[in-house]
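Okay, structure.cif now, which holds mmCIF, C-alpha atoms:
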data_target
loop_
_atom_site.label_atom_id
_atom_site.label_comp_id
_atom_site.auth_asym_id
_atom_site.auth_seq_id
_atom_site.Cartn_x
_atom_site.Cartn_y
_atom_site.Cartn_z
CA MET A 1271 -138.08 130.20 -62.13
CA THR A 1272 -135.35 127.58 -61.82
CA GLN A 1273 -132.18 127.68 -63.88
CA LEU A 1274 -129.99 124.79 -64.95
CA THR A 1275 -126.46 125.14 -66.28
CA ILE A 1276 -125.22 122.37 -68.55
CA ASN A 1277 -121.58 121.96 -69.56
CA ILE A 1278 -121.26 120.36 -73.01
CA GLU A 1279 -117.88 119.08 -74.10
CA ASP A 1280 -118.88 117.99 -77.61
CA LYS A 1281 -120.13 121.18 -79.31
CA SER A 1282 -121.51 119.21 -82.27
CA ILE A 1283 -124.50 118.05 -80.17
CA LEU A 1284 -125.38 121.58 -79.05
CA PRO A 1285 -127.88 122.28 -81.88
CA HIS A 1286 -129.68 119.02 -81.09
CA ILE A 1287 -129.91 119.79 -77.39
CA LYS A 1288 -131.15 123.32 -78.11
CA GLY A 1289 -133.81 121.92 -80.45
CA ILE A 1290 -135.04 119.48 -77.83
CA LEU A 1291 -135.14 122.12 -75.08
CA LYS A 1292 -136.93 124.69 -77.28
CA ALA A 1293 -139.63 122.10 -78.01
CA ILE A 1294 -140.49 121.82 -74.30
CA ASN A 1295 -143.23 124.21 -73.18
CA GLY A 1296 -142.00 126.64 -70.50
CA VAL A 1297 -138.30 126.14 -71.22
CA SER A 1298 -136.18 129.01 -72.53
CA ILE A 1299 -132.50 129.18 -73.35
CA VAL A 1300 -130.36 132.01 -72.00
CA SER A 1301 -127.57 132.82 -74.39
CA THR A 1302 -123.99 132.89 -73.17
CA SER A 1303 -123.70 136.58 -73.96
CA GLN A 1304 -126.56 137.37 -71.55
CA LYS A 1305 -124.76 135.61 -68.74
CA SER A 1306 -121.26 136.70 -69.57
CA SER A 1307 -121.61 140.41 -68.79
CA THR A 1308 -122.66 139.69 -65.20
CA GLU A 1309 -120.09 136.93 -64.81
CA LYS A 1310 -117.34 139.13 -66.25
CA LYS A 1311 -118.23 141.90 -63.82
CA LEU A 1312 -118.09 139.50 -60.87
CA TYR A 1313 -114.75 138.07 -62.01
CA ARG A 1314 -113.31 141.59 -62.44
CA GLU A 1315 -114.42 142.53 -58.93
CA LEU A 1316 -113.05 139.30 -57.49
CA HIS A 1317 -109.75 139.75 -59.32
CA ALA A 1318 -109.42 143.34 -58.06
CA SER A 1319 -110.13 142.22 -54.49
CA LEU A 1320 -107.62 139.38 -54.66
CA LYS A 1321 -105.00 141.70 -56.15
CA GLU A 1322 -105.60 144.16 -53.33
CA VAL A 1323 -105.11 141.40 -50.75
CA LYS A 1324 -101.94 140.17 -52.50
CA ASP A 1325 -100.55 143.72 -52.71
CA SER A 1326 -101.36 144.22 -49.04
CA ILE A 1327 -99.55 141.03 -48.08
CA ASP A 1328 -96.57 141.85 -50.31
CA GLY A 1329 -96.38 145.36 -48.88
CA LYS A 1330 -96.92 144.01 -45.36
CA ILE A 1331 -99.95 146.24 -44.92
CA ILE A 1332 -102.23 145.05 -42.14
CA LEU A 1333 -105.69 144.23 -43.44
CA PRO A 1334 -108.76 145.39 -41.50
CA ASP A 1335 -110.79 142.90 -39.55
CA ALA A 1336 -113.54 141.23 -41.55
CA LYS A 1337 -116.16 142.81 -39.30
CA ASP A 1338 -115.00 146.26 -40.50
CA LEU A 1339 -115.44 145.45 -44.18
CA GLU A 1340 -118.58 146.68 -45.96
CA PHE A 1341 -120.35 144.44 -48.47
#

Any chance you could put this one into C-alpha coordinates?
Amino acid sequence: MTQLTINIEDKSILPHIKGILKAINGVSIVSTSQKSSTEKKLYRELHASLKEVKDSIDGKIILPDAKDLEF
(Lines of atoms letter the chains of each structure in order from A and count residues from 1; the text may use other names and numbers.)
(Lines give C-alpha, C1' and ligand atoms only; values in the text may rest on other atoms or scores of the structure.)
Protein backbone atom coordinates (compact mmCIF):
# COMPACT_ATOMS: atom_id res chain seq x y z
CA MET A 1 0.00 0.00 0.00
CA THR A 2 1.27 3.48 -0.85
CA GLN A 3 0.45 6.51 1.26
CA LEU A 4 0.23 10.13 0.16
CA THR A 5 0.22 13.09 2.52
CA ILE A 6 -1.45 16.26 1.26
CA ASN A 7 -1.13 19.63 2.99
CA ILE A 8 -4.23 21.78 2.45
CA GLU A 9 -4.06 25.45 3.32
CA ASP A 10 -7.69 26.31 2.54
CA LYS A 11 -9.75 24.08 4.87
CA SER A 12 -12.98 24.97 3.06
CA ILE A 13 -12.05 22.64 0.16
CA LEU A 14 -11.34 19.68 2.45
CA PRO A 15 -14.88 18.18 2.27
CA HIS A 16 -14.74 18.33 -1.53
CA ILE A 17 -11.35 16.63 -1.69
CA LYS A 18 -12.49 13.93 0.76
CA GLY A 19 -15.60 13.32 -1.36
CA ILE A 20 -13.55 12.91 -4.51
CA LEU A 21 -11.04 10.57 -2.86
CA LYS A 22 -13.74 8.42 -1.23
CA ALA A 23 -15.35 7.94 -4.66
CA ILE A 24 -12.17 6.32 -6.01
CA ASN A 25 -12.10 2.53 -5.63
CA GLY A 26 -9.18 1.37 -3.47
CA VAL A 27 -8.56 4.75 -1.84
CA SER A 28 -9.07 5.23 1.89
CA ILE A 29 -8.55 8.26 4.09
CA VAL A 30 -6.57 7.98 7.31
CA SER A 31 -7.84 10.43 9.87
CA THR A 32 -5.45 12.83 11.55
CA SER A 33 -6.12 11.26 14.93
CA GLN A 34 -4.88 7.88 13.68
CA LYS A 35 -1.59 9.42 12.61
CA SER A 36 -1.16 11.81 15.48
CA SER A 37 -0.58 9.27 18.26
CA THR A 38 2.42 7.78 16.46
CA GLU A 39 3.71 11.18 15.41
CA LYS A 40 3.30 12.56 18.92
CA LYS A 41 5.24 9.62 20.34
CA LEU A 42 8.08 10.17 17.86
CA TYR A 43 8.19 13.90 18.59
CA ARG A 44 8.25 13.23 22.36
CA GLU A 45 11.15 10.80 21.93
CA LEU A 46 13.01 13.22 19.67
CA HIS A 47 12.44 16.10 22.09
CA ALA A 48 13.70 14.01 25.03
CA SER A 49 16.81 13.01 23.06
CA LEU A 50 17.55 16.58 22.02
CA LYS A 51 17.04 17.80 25.58
CA GLU A 52 19.46 15.14 26.81
CA VAL A 53 22.07 16.27 24.28
CA LYS A 54 21.55 19.95 25.21
CA ASP A 55 21.80 19.16 28.94
CA SER A 56 24.96 17.16 28.26
CA ILE A 57 26.52 20.03 26.35
CA ASP A 58 25.46 22.58 28.99
CA GLY A 59 26.84 20.38 31.75
CA LYS A 60 29.96 19.65 29.71
CA ILE A 61 29.29 15.92 29.92
CA ILE A 62 31.11 13.98 27.24
CA LEU A 63 28.69 12.10 25.01
CA PRO A 64 29.42 8.49 24.04
CA ASP A 65 30.57 7.69 20.54
CA ALA A 66 27.75 7.04 18.09
CA LYS A 67 28.92 3.46 17.65
CA ASP A 68 28.18 2.83 21.36
CA LEU A 69 24.58 4.02 21.13
CA GLU A 70 21.81 1.43 20.87
CA PHE A 71 18.86 2.01 18.54

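Relative to CA of Thr1275 in chain A, CA of Lys1321 in chain A is found at 28.9 Å.
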
Please list as a short mmCIF file (atom, residue, chain, number, x, y, z; two decimals) with C-alpha atoms, in the frame of the given file every residue within 10 Å of range 1288-1298 of chain A, counting only C-alpha atoms and excluding residues in the same chain fewer than 3 positions away.
data_model
loop_
_atom_site.label_atom_id
_atom_site.label_comp_id
_atom_site.auth_asym_id
_atom_site.auth_seq_id
_atom_site.Cartn_x
_atom_site.Cartn_y
_atom_site.Cartn_z
CA MET A 1271 -138.08 130.20 -62.13
CA THR A 1272 -135.35 127.58 -61.82
CA GLN A 1273 -132.18 127.68 -63.88
CA ILE A 1283 -124.50 118.05 -80.17
CA LEU A 1284 -125.38 121.58 -79.05
CA PRO A 1285 -127.88 122.28 -81.88
CA SER A 1301 -127.57 132.82 -74.39
#

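Going from CA of Val1323 in chain A over to CA of Lys1310 in chain A, you cover 19.9 Å.
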
Self-check item: Atomic distance CA of Ile1299 in chain A - CA of His1286 in chain A, expressed in Å with one decimal
Solution: 13.1 Å

With N, CA and C atoms as the target, complete range 1284-1315 of chain A and hand it back as a PDB file, keeping the file's coordinate frame.
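Final output, rebuild-v4.pdb:
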ATOM      1  N   LEU A1284    -124.698 120.406 -79.570  1.00  0.00           N
ATOM      2  CA  LEU A1284    -125.380 121.580 -79.050  1.00  0.00           C
ATOM      3  C   LEU A1284    -126.644 121.942 -79.827  1.00  0.00           C
ATOM      4  N   PRO A1285    -126.634 121.958 -81.166  1.00  0.00           N
ATOM      5  CA  PRO A1285    -127.880 122.280 -81.880  1.00  0.00           C
ATOM      6  C   PRO A1285    -129.010 121.295 -81.585  1.00  0.00           C
ATOM      7  N   HIS A1286    -128.668 120.037 -81.405  1.00  0.00           N
ATOM      8  CA  HIS A1286    -129.680 119.020 -81.090  1.00  0.00           C
ATOM      9  C   HIS A1286    -130.284 119.243 -79.703  1.00  0.00           C
ATOM     10  N   ILE A1287    -129.426 119.547 -78.750  1.00  0.00           N
ATOM     11  CA  ILE A1287    -129.910 119.790 -77.390  1.00  0.00           C
ATOM     12  C   ILE A1287    -130.781 121.038 -77.355  1.00  0.00           C
ATOM     13  N   LYS A1288    -130.346 122.088 -78.058  1.00  0.00           N
ATOM     14  CA  LYS A1288    -131.150 123.320 -78.110  1.00  0.00           C
ATOM     15  C   LYS A1288    -132.518 123.043 -78.735  1.00  0.00           C
ATOM     16  N   GLY A1289    -132.546 122.246 -79.793  1.00  0.00           N
ATOM     17  CA  GLY A1289    -133.810 121.920 -80.450  1.00  0.00           C
ATOM     18  C   GLY A1289    -134.755 121.184 -79.523  1.00  0.00           C
ATOM     19  N   ILE A1290    -134.219 120.248 -78.776  1.00  0.00           N
ATOM     20  CA  ILE A1290    -135.040 119.480 -77.830  1.00  0.00           C
ATOM     21  C   ILE A1290    -135.587 120.406 -76.731  1.00  0.00           C
ATOM     22  N   LEU A1291    -134.714 121.245 -76.171  1.00  0.00           N
ATOM     23  CA  LEU A1291    -135.140 122.120 -75.080  1.00  0.00           C
ATOM     24  C   LEU A1291    -136.168 123.160 -75.549  1.00  0.00           C
ATOM     25  N   LYS A1292    -135.972 123.700 -76.755  1.00  0.00           N
ATOM     26  CA  LYS A1292    -136.930 124.690 -77.280  1.00  0.00           C
ATOM     27  C   LYS A1292    -138.297 124.081 -77.519  1.00  0.00           C
ATOM     28  N   ALA A1293    -138.357 122.776 -77.758  1.00  0.00           N
ATOM     29  CA  ALA A1293    -139.630 122.100 -78.010  1.00  0.00           C
ATOM     30  C   ALA A1293    -140.437 121.884 -76.728  1.00  0.00           C
ATOM     31  N   ILE A1294    -139.814 122.035 -75.581  1.00  0.00           N
ATOM     32  CA  ILE A1294    -140.490 121.820 -74.300  1.00  0.00           C
ATOM     33  C   ILE A1294    -141.163 123.123 -73.867  1.00  0.00           C
ATOM     34  N   ASN A1295    -142.465 123.056 -73.608  1.00  0.00           N
ATOM     35  CA  ASN A1295    -143.230 124.210 -73.180  1.00  0.00           C
ATOM     36  C   ASN A1295    -142.711 124.727 -71.838  1.00  0.00           C
ATOM     37  N   GLY A1296    -142.453 126.031 -71.752  1.00  0.00           N
ATOM     38  CA  GLY A1296    -142.000 126.640 -70.500  1.00  0.00           C
ATOM     39  C   GLY A1296    -140.504 126.676 -70.329  1.00  0.00           C
ATOM     40  N   VAL A1297    -139.760 126.153 -71.299  1.00  0.00           N
ATOM     41  CA  VAL A1297    -138.300 126.140 -71.220  1.00  0.00           C
ATOM     42  C   VAL A1297    -137.757 127.206 -72.163  1.00  0.00           C
ATOM     43  N   SER A1298    -136.854 128.021 -71.678  1.00  0.00           N
ATOM     44  CA  SER A1298    -136.180 129.010 -72.530  1.00  0.00           C
ATOM     45  C   SER A1298    -134.678 128.839 -72.365  1.00  0.00           C
ATOM     46  N   ILE A1299    -133.960 129.301 -73.360  1.00  0.00           N
ATOM     47  CA  ILE A1299    -132.500 129.180 -73.350  1.00  0.00           C
ATOM     48  C   ILE A1299    -131.911 130.573 -73.204  1.00  0.00           C
ATOM     49  N   VAL A1300    -131.052 130.739 -72.208  1.00  0.00           N
ATOM     50  CA  VAL A1300    -130.360 132.010 -72.000  1.00  0.00           C
ATOM     51  C   VAL A1300    -129.041 131.917 -72.726  1.00  0.00           C
ATOM     52  N   SER A1301    -128.808 132.883 -73.613  1.00  0.00           N
ATOM     53  CA  SER A1301    -127.570 132.820 -74.390  1.00  0.00           C
ATOM     54  C   SER A1301    -126.372 133.135 -73.501  1.00  0.00           C
ATOM     55  N   THR A1302    -125.223 132.673 -73.909  1.00  0.00           N
ATOM     56  CA  THR A1302    -123.990 132.890 -73.170  1.00  0.00           C
ATOM     57  C   THR A1302    -123.704 134.372 -73.006  1.00  0.00           C
ATOM     58  N   SER A1303    -123.992 135.155 -74.031  1.00  0.00           N
ATOM     59  CA  SER A1303    -123.700 136.580 -73.960  1.00  0.00           C
ATOM     60  C   SER A1303    -124.530 137.272 -72.871  1.00  0.00           C
ATOM     61  N   GLN A1304    -125.744 136.780 -72.603  1.00  0.00           N
ATOM     62  CA  GLN A1304    -126.560 137.370 -71.550  1.00  0.00           C
ATOM     63  C   GLN A1304    -125.975 137.089 -70.179  1.00  0.00           C
ATOM     64  N   LYS A1305    -125.367 135.950 -70.014  1.00  0.00           N
ATOM     65  CA  LYS A1305    -124.760 135.610 -68.740  1.00  0.00           C
ATOM     66  C   LYS A1305    -123.391 136.263 -68.583  1.00  0.00           C
ATOM     67  N   SER A1306    -122.656 136.341 -69.666  1.00  0.00           N
ATOM     68  CA  SER A1306    -121.260 136.700 -69.570  1.00  0.00           C
ATOM     69  C   SER A1306    -121.006 138.094 -69.025  1.00  0.00           C
ATOM     70  N   SER A1307    -121.871 139.060 -69.288  1.00  0.00           N
ATOM     71  CA  SER A1307    -121.610 140.410 -68.790  1.00  0.00           C
ATOM     72  C   SER A1307    -121.635 140.443 -67.266  1.00  0.00           C
ATOM     73  N   THR A1308    -122.591 139.756 -66.657  1.00  0.00           N
ATOM     74  CA  THR A1308    -122.660 139.690 -65.200  1.00  0.00           C
ATOM     75  C   THR A1308    -121.489 138.896 -64.649  1.00  0.00           C
ATOM     76  N   GLU A1309    -121.206 137.750 -65.266  1.00  0.00           N
ATOM     77  CA  GLU A1309    -120.090 136.930 -64.810  1.00  0.00           C
ATOM     78  C   GLU A1309    -118.767 137.668 -64.946  1.00  0.00           C
ATOM     79  N   LYS A1310    -118.577 138.376 -66.056  1.00  0.00           N
ATOM     80  CA  LYS A1310    -117.340 139.130 -66.250  1.00  0.00           C
ATOM     81  C   LYS A1310    -117.182 140.196 -65.179  1.00  0.00           C
ATOM     82  N   LYS A1311    -118.279 140.871 -64.851  1.00  0.00           N
ATOM     83  CA  LYS A1311    -118.230 141.900 -63.820  1.00  0.00           C
ATOM     84  C   LYS A1311    -117.829 141.295 -62.472  1.00  0.00           C
ATOM     85  N   LEU A1312    -118.424 140.161 -62.128  1.00  0.00           N
ATOM     86  CA  LEU A1312    -118.090 139.500 -60.870  1.00  0.00           C
ATOM     87  C   LEU A1312    -116.636 139.061 -60.831  1.00  0.00           C
ATOM     88  N   TYR A1313    -116.153 138.496 -61.953  1.00  0.00           N
ATOM     89  CA  TYR A1313    -114.750 138.070 -62.010  1.00  0.00           C
ATOM     90  C   TYR A1313    -113.800 139.259 -61.905  1.00  0.00           C
ATOM     91  N   ARG A1314    -114.161 140.392 -62.545  1.00  0.00           N
ATOM     92  CA  ARG A1314    -113.310 141.590 -62.440  1.00  0.00           C
ATOM     93  C   ARG A1314    -113.244 142.072 -60.992  1.00  0.00           C
ATOM     94  N   GLU A1315    -114.388 142.090 -60.325  1.00  0.00           N
ATOM     95  CA  GLU A1315    -114.420 142.530 -58.930  1.00  0.00           C
ATOM     96  C   GLU A1315    -113.632 141.583 -58.034  1.00  0.00           C
TER      97      GLU A1315
END
